[in-house]
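Below is one structure, written out as structure tokens; the observations come after it.
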Amino acid sequence: MKTNNMSLYNNISRREMLKIAAGAALTGILGTSIAGKLQAKTKRPNIVFILTDDHRWDAFSCMNHPFIQTPNLDRIANEGVMFANSFVTTSLCSPSRASFLTGQYAHTHGVVTNHTPWNNENITFMEILKKYKYDTAFIGKWHMPGEGLPKLRGVDHFVSFTKEGGQGVYYDCPLIVDGKEVERKGKYITEDLTDYALKYIDKKRNNPFCLYLSHKAVHFGFLPPKHLDDLYDDVDLQLPPESDPWVTMTNNHLFVGAPLPLDMLYRNYCETVVSVDQQVGRVLDKLEEMGILDDTIVVYAGDNGHFFGEHGLYDKRLAYEESIRIPFFVRYPGLVRNAGRRVQEMVLNIDLAPTLLDAAGIPVPPYMQGRSTVPLLRNMKNRWRSSFLYEHFPVFPIPIPGITAVRTERYKYITYQNNVRPPELFDLREDPGEKKNIIRKDRGKKLLPALKKKLERVKADTGYRFYTHG
Amino acid sequence: MKQVSRLKRAGVPAGIVLIVMVVSINTYDLSRSISHGGLHLLVSHLSALCMFLSIWTGALFVNSMAYFREASFRERLFASMLTPIVWDLKVLWDFVGIYSVGEIFFVLLHHIILGPIVVNLMCMGISEIICDRVMIRRTGDLSLRSRWTGLVLFAAGLFFTLVFLWNGGHSYYYFYMDMYTRLFM
């Protein structure tokens with residue numbers, strides 16, 4: 001029997017026709033939905049990286065600080081992950097900030113101290129994101145020496161300041177907005193920078209965006225906004241037992257330039273931390289209000305730690321935990337599994353750039369020395385680093401020598417330029433406060449050869465070279 | 001006899017303040033190991049106070065004591081500057097092995113190094129003025145009224161102190177670091 005299409009149609013009943021039509025329609029709808037989901041999955045996430053200055057790793061309520069309340073910062077950690085063992089590779093503003101931007105050690109990107117100029121040949125992760133069609137903005141503290149502000153490649157919107165050598169001031173800090181100086185009388189800088197950030201986030205756009213929001217807070221000056229000025233006037237600060245109010249004015253700390261009683265400084269510091277938290281809350285609220293919070297990788301980190309009397313010290317630079325530990329929180333439901341985790345693997349400031357690129361589905365350039373933490377965010381089993389190099393270069397006129405140290409998961413071995421200070425070895429599990437230098441003890445002597453070798457290895461692996469000064 | 005006299009005139013006052021400085025610095029550093037909180041704070045407060053007074057204002061005591069022991073102006077000047085100079089050398093020692101010889105010399109111009117010198121000059125000036133007044137009352141020697149050394153010392157010390165402290169110390173600091181960058185970077 002001859003058949004043709006026409007004869008097929010002739011033999012289909014009306015019921016069958018309706019069934020076919022309904023099926024086609026359903027497929028069309030589902031297909032669109034699946035296509036939409038596929039498109040959403042391949043759409044790159046927005047990125048908001050918030051970097052603060054001198055914010056200690058333990059100055060958060062989620063880190064059980066005795067009195068500081070940081071509900072908004074806690075939210076990032078609780079709805080994302082907290083990297084509980086995060087460190088900087090150089091505990092100083094400019095080198096650390098350059099490391100965040102480039103994914104490289106200070107001896108590689110060249111900003112080894114607060115005096116060494118930024119080399120505009122350095123490639124930041126923002127430049128790479130721009131190549132992949134991100135809208136980009138850098139808002140806040142740049143603080144890398146050079147002739148004024150650089151012309152940052154790959155940054156569409158650049159808001160920063162040069163007052164006080166790039167440190168800025170907490171009140172009335174003039175800003176340079178895309179090359180033009182703008183007076184900011186009556187403005188408190190953390191809030192002012194956040195205002196610029198919110199305006200940027202709010203812009204209508206077709207591309208994903210990357211916002212690098214870099215606060216002056218909580219750097220010395222430690223000036224909170226007026227409404228927080230007396231927040232902690234009556235609290236028991238619970239400073240370390242070995243500290244006293246004179247720490248900032250003794251043992252060469254005067255060279256750092258904070259000749260005020262330690263307890264007064266710490267009180268102001270804590271109040272300033274709260275103001276940062278409040279401003280971060282505004283950013284989170286804005287993203288949520290726009291319905292893009294879950295499509296945005298939100299990262300919060302500090303550029304280095306800070307001593308407040310531990311070991312009788314003030315400021316940072318040295319290789320002890322209070323100086324080199326930083327907060328590092330990541331919130332992004334698109335990647336993070338089992339939100340609220342505390343990841344124990346050692347993560348570094350140089351890991352930020354590779355992480356953001358990897359999370360955005362962009363290949364990580366081989367010259368970046370950090371590692372992407374995406375596997376850790378995904379809670380995947382992963383071979384991770386078991387040690388890292390810490391380095392510090394002499395910064396005139398501070399009488400702290402060059403330092404190289406290797407930190408493993410358990411031990412820390414610290415050496416000093418020309419042995420001007422005796423080397424140190426700490427068992428961080430037995431002695432987390434690093435009070436007992438075991439280098440001359442029997443146990444220390446046994447551990448030393450392997451740690452020396454490890455230090456040489458991490459130096460060789462990273463292409464370490466010493467800079468006499470910067 | 002003359003040497004012994006010089007020692008008594010100027011050496012003893014200078015030595016007293018120098019010893020106070022050395023003892024207070026070491027006491028302060030050791031206070032950190034005191035486990036009793038209250039005692040730790042008491043010792044740290046007292047030793048820090050003695051440290052600051054001896055380093056920054058020791059000339060008030062040294063010059064006054066040496067003045068009434070009939071030390072000459074030159075002897076009083078040397079005695080008054082001994083403690084701040086020794087402290088400066090102690091601080092400079094911490095730069096050795098870290099920076100170049102040239103940079104260490106440049107540290108000499110830092111206001112933390114020059115500060116104790118100029119403040120002690122100012123204190124010496126105050127001491128001279130007061131001691132002259134006391135001496136006039138004791139001896140009736142009115143020629144002391146026309147002595148200008150105290151005033152000059154005070155004025156010079158005050159001038160440089162103000163220069164270093166201008167704009168919270170920032171003006172001199174940025175000038176100083178600008179010079180450093182031009183010379184060494």
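Letters A, B, ... mark the chains of the structure tokens in the order given; residue numbers begin at 1 per chain; ligand numbers begin at 1, in order shown.
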>> Residues of segment 200-446 of chain A classed as alpha helix (DSSP H) by DSSP on the backbone are to be reported as JSON, numbers by chain.
In response: {"A": [200, 201, 202, 262, 263, 264, 265, 266, 267, 268, 269, 270, 271, 272, 273, 274, 275, 276, 277, 278, 279, 280, 281, 282, 283, 284, 285, 286, 287, 288, 289, 321, 322, 323, 324, 352, 353, 354, 355, 356, 357, 358, 359, 374, 375, 376, 377, 442, 443, 444, 445, 446]}
N, CA and C atoms of the current selection, written as a compact mmCIF listing (two decimals), in the first residue's frame:
# COMPACT_ATOMS: atom_id res chain seq x y z
N TYR A 200 27.71 52.87 41.61
CA TYR A 200 28.26 52.06 40.53
C TYR A 200 27.47 50.76 40.35
N ILE A 201 27.14 50.13 41.45
CA ILE A 201 26.39 48.87 41.38
C ILE A 201 25.03 49.11 40.72
N ASP A 202 24.45 50.28 41.01
CA ASP A 202 23.10 50.59 40.58
C ASP A 202 22.99 50.89 39.08
N LEU A 262 47.89 52.90 73.94
CA LEU A 262 47.41 51.74 73.20
C LEU A 262 45.92 51.50 73.41
N ASP A 263 45.46 51.64 74.66
CA ASP A 263 44.05 51.33 74.90
C ASP A 263 43.14 52.32 74.18
N MET A 264 43.56 53.56 74.12
CA MET A 264 42.76 54.56 73.40
C MET A 264 42.69 54.22 71.91
N LEU A 265 43.84 53.83 71.37
CA LEU A 265 43.89 53.49 69.95
C LEU A 265 43.01 52.27 69.67
N TYR A 266 43.09 51.27 70.53
CA TYR A 266 42.35 50.04 70.29
C TYR A 266 40.84 50.27 70.37
N ARG A 267 40.44 51.12 71.31
CA ARG A 267 39.01 51.44 71.44
C ARG A 267 38.50 52.06 70.13
N ASN A 268 39.25 53.03 69.64
CA ASN A 268 38.86 53.69 68.38
C ASN A 268 38.88 52.69 67.22
N TYR A 269 39.85 51.82 67.23
CA TYR A 269 39.99 50.79 66.18
C TYR A 269 38.71 49.94 66.12
N CYS A 270 38.29 49.48 67.27
CA CYS A 270 37.10 48.62 67.33
C CYS A 270 35.86 49.36 66.84
N GLU A 271 35.75 50.62 67.21
CA GLU A 271 34.59 51.41 66.77
C GLU A 271 34.63 51.61 65.25
N THR A 272 35.84 51.77 64.72
CA THR A 272 35.99 51.94 63.27
C THR A 272 35.64 50.64 62.54
N VAL A 273 35.95 49.52 63.13
CA VAL A 273 35.59 48.22 62.54
C VAL A 273 34.07 48.14 62.39
N VAL A 274 33.35 48.60 63.40
CA VAL A 274 31.89 48.54 63.36
C VAL A 274 31.36 49.40 62.20
N SER A 275 32.01 50.53 61.98
CA SER A 275 31.55 51.39 60.87
C SER A 275 31.76 50.68 59.53
N VAL A 276 32.84 49.95 59.41
CA VAL A 276 33.07 49.17 58.18
C VAL A 276 31.95 48.16 58.00
N ASP A 277 31.63 47.47 59.08
CA ASP A 277 30.56 46.47 59.02
C ASP A 277 29.25 47.09 58.55
N GLN A 278 28.96 48.26 59.07
CA GLN A 278 27.69 48.92 58.69
C GLN A 278 27.69 49.26 57.20
N GLN A 279 28.83 49.71 56.72
CA GLN A 279 28.89 50.08 55.29
C GLN A 279 28.85 48.85 54.39
N VAL A 280 29.46 47.78 54.84
CA VAL A 280 29.38 46.52 54.06
C VAL A 280 27.93 46.06 54.01
N GLY A 281 27.22 46.28 55.10
CA GLY A 281 25.79 45.94 55.12
C GLY A 281 25.02 46.68 54.04
N ARG A 282 25.39 47.92 53.79
CA ARG A 282 24.71 48.69 52.74
C ARG A 282 24.96 48.07 51.37
N VAL A 283 26.16 47.59 51.17
CA VAL A 283 26.49 46.97 49.88
C VAL A 283 25.67 45.68 49.70
N LEU A 284 25.64 44.87 50.74
CA LEU A 284 24.87 43.62 50.66
C LEU A 284 23.38 43.91 50.43
N ASP A 285 22.88 44.91 51.14
CA ASP A 285 21.46 45.26 50.99
C ASP A 285 21.16 45.72 49.57
N LYS A 286 22.08 46.45 49.00
CA LYS A 286 21.87 46.96 47.64
C LYS A 286 21.82 45.81 46.64
N LEU A 287 22.77 44.90 46.80
CA LEU A 287 22.80 43.74 45.89
C LEU A 287 21.52 42.92 46.04
N GLU A 288 21.07 42.79 47.27
CA GLU A 288 19.85 42.00 47.53
C GLU A 288 18.63 42.71 46.96
N GLU A 289 18.57 44.00 47.16
CA GLU A 289 17.44 44.79 46.65
C GLU A 289 17.35 44.69 45.13
N GLU A 321 51.74 35.61 64.10
CA GLU A 321 50.38 35.35 63.61
C GLU A 321 49.49 36.58 63.57
N GLU A 322 49.56 37.40 64.61
CA GLU A 322 48.66 38.57 64.67
C GLU A 322 48.87 39.51 63.49
N SER A 323 50.08 39.48 62.95
CA SER A 323 50.44 40.38 61.85
C SER A 323 50.09 39.77 60.49
N ILE A 324 50.29 38.46 60.36
CA ILE A 324 50.17 37.88 59.03
C ILE A 324 48.79 37.25 58.75
N LEU A 352 43.60 35.37 45.74
CA LEU A 352 42.37 36.06 45.36
C LEU A 352 42.22 36.14 43.84
N ALA A 353 43.24 36.64 43.16
CA ALA A 353 43.13 36.86 41.71
C ALA A 353 42.82 35.55 40.97
N PRO A 354 43.58 34.47 41.22
CA PRO A 354 43.24 33.21 40.55
C PRO A 354 41.83 32.73 40.88
N THR A 355 41.41 32.96 42.12
CA THR A 355 40.07 32.51 42.52
C THR A 355 38.99 33.23 41.73
N LEU A 356 39.11 34.54 41.63
CA LEU A 356 38.07 35.31 40.94
C LEU A 356 38.03 34.94 39.45
N LEU A 357 39.19 34.79 38.86
CA LEU A 357 39.22 34.44 37.43
C LEU A 357 38.61 33.04 37.23
N ASP A 358 39.03 32.11 38.06
CA ASP A 358 38.53 30.73 37.93
C ASP A 358 37.02 30.69 38.14
N ALA A 359 36.56 31.43 39.14
CA ALA A 359 35.12 31.44 39.44
C ALA A 359 34.32 32.05 38.30
N VAL A 374 38.64 27.78 44.29
CA VAL A 374 37.32 27.26 43.87
C VAL A 374 37.09 25.82 44.35
N PRO A 375 38.09 24.93 44.25
CA PRO A 375 37.85 23.57 44.77
C PRO A 375 37.52 23.59 46.27
N LEU A 376 38.12 24.50 46.99
CA LEU A 376 37.83 24.58 48.44
C LEU A 376 36.43 25.12 48.66
N LEU A 377 36.02 26.07 47.83
CA LEU A 377 34.66 26.60 47.93
C LEU A 377 33.64 25.50 47.64
N ASP A 442 66.02 20.89 72.21
CA ASP A 442 66.32 19.64 71.48
C ASP A 442 65.32 19.40 70.36
N ARG A 443 64.05 19.62 70.68
CA ARG A 443 63.01 19.39 69.67
C ARG A 443 63.19 20.33 68.49
N GLY A 444 63.52 21.57 68.79
CA GLY A 444 63.74 22.56 67.74
C GLY A 444 64.92 22.19 66.86
N LYS A 445 65.97 21.72 67.51
CA LYS A 445 67.17 21.33 66.75
C LYS A 445 66.86 20.19 65.80
N LYS A 446 65.95 19.30 66.22
CA LYS A 446 65.59 18.16 65.35
C LYS A 446 64.76 18.64 64.16
> Residues at most 6 Å from segment 152-161 of chain B, counting only C-alpha atoms, excluding those fewer than 2 positions away in the same chain, as JSON, numbers by chain?
Replying inline: {"B": [118, 119, 121, 122, 125, 149, 150, 163, 164]}
>> Residues within 6 Å of segment 47-60 of chain B, please, as a list in words. Count only C-alpha atoms; anything in the same chain fewer than 6 positions from it doesn't count.
In response: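 After dropping sequence-adjacent residues, the list is Val17, Met21, Ser24, Tyr28, Ser80, Pro84, Pro116, Asn120, Cys123, Met124 and Ser127 of chain B.
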>> For Gln69 of chain A, find every residue with an atom within 10 Å (counting only C-alpha atoms), except residues of its own chain fewer than 2 positions away, and show them as a list of chain:residue names.
In response: A:Ala59, A:Phe60, A:Ser61, A:Cys62, A:Asn64, A:His65, A:Pro66, A:Phe67, A:Pro71, A:Asn72, A:Leu73, A:Asp74, A:Cys270, A:Glu271, A:Val273, A:Val274, A:Asp277
Limited to C-alpha atoms, could you put the picked residues into a file as an mmCIF file, in the first residue's frame?
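So the final result, stored in out-v1.cif, reads:
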data_model
loop_
_atom_site.group_PDB
_atom_site.id
_atom_site.type_symbol
_atom_site.label_atom_id
_atom_site.label_comp_id
_atom_site.auth_asym_id
_atom_site.auth_seq_id
_atom_site.Cartn_x
_atom_site.Cartn_y
_atom_site.Cartn_z
ATOM 1 C CA ALA A 59 38.028 41.390 65.076
ATOM 2 C CA PHE A 60 34.629 39.914 64.168
ATOM 3 C CA SER A 61 31.718 38.614 66.206
ATOM 4 C CA CYS A 62 31.852 35.399 64.149
ATOM 5 C CA ASN A 64 34.095 35.309 69.034
ATOM 6 C CA HIS A 65 35.572 38.728 69.640
ATOM 7 C CA PRO A 66 34.604 39.679 73.216
ATOM 8 C CA PHE A 67 32.580 42.736 72.205
ATOM 9 C CA PRO A 71 26.594 41.153 61.757
ATOM 10 C CA ASN A 72 27.025 42.064 58.090
ATOM 11 C CA LEU A 73 30.539 40.734 57.796
ATOM 12 C CA ASP A 74 29.449 37.652 59.714
ATOM 13 C CA CYS A 270 37.099 48.618 67.326
ATOM 14 C CA GLU A 271 34.595 51.410 66.767
ATOM 15 C CA VAL A 273 35.585 48.216 62.543
ATOM 16 C CA VAL A 274 31.886 48.543 63.356
ATOM 17 C CA ASP A 277 30.564 46.468 59.021
#
> Please, which residues of chain B lie no more than 8 Å from chain A when the count uses only C-alpha atoms, and can they be set out as a list in words?
Replying inline: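 Residues passing the distance filter: Arg32, Ser33, Ser35, Gly37, Leu41, Ser44, His45, Ala48, Val91, Asp94, Phe95, Gly97, Ile98, Tyr99, Val107, Ile112 and Met185 of chain B.
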> Skipping near chain neighbours, those fewer than 4 positions away, what residues fall within 10 Å of segment 383-387 of chain A using only C-alpha atoms, listed as an MDAnalysis selection string?
Replying inline: chainID A and resid 345:347 371 373 375:376 406:412 454:455 458
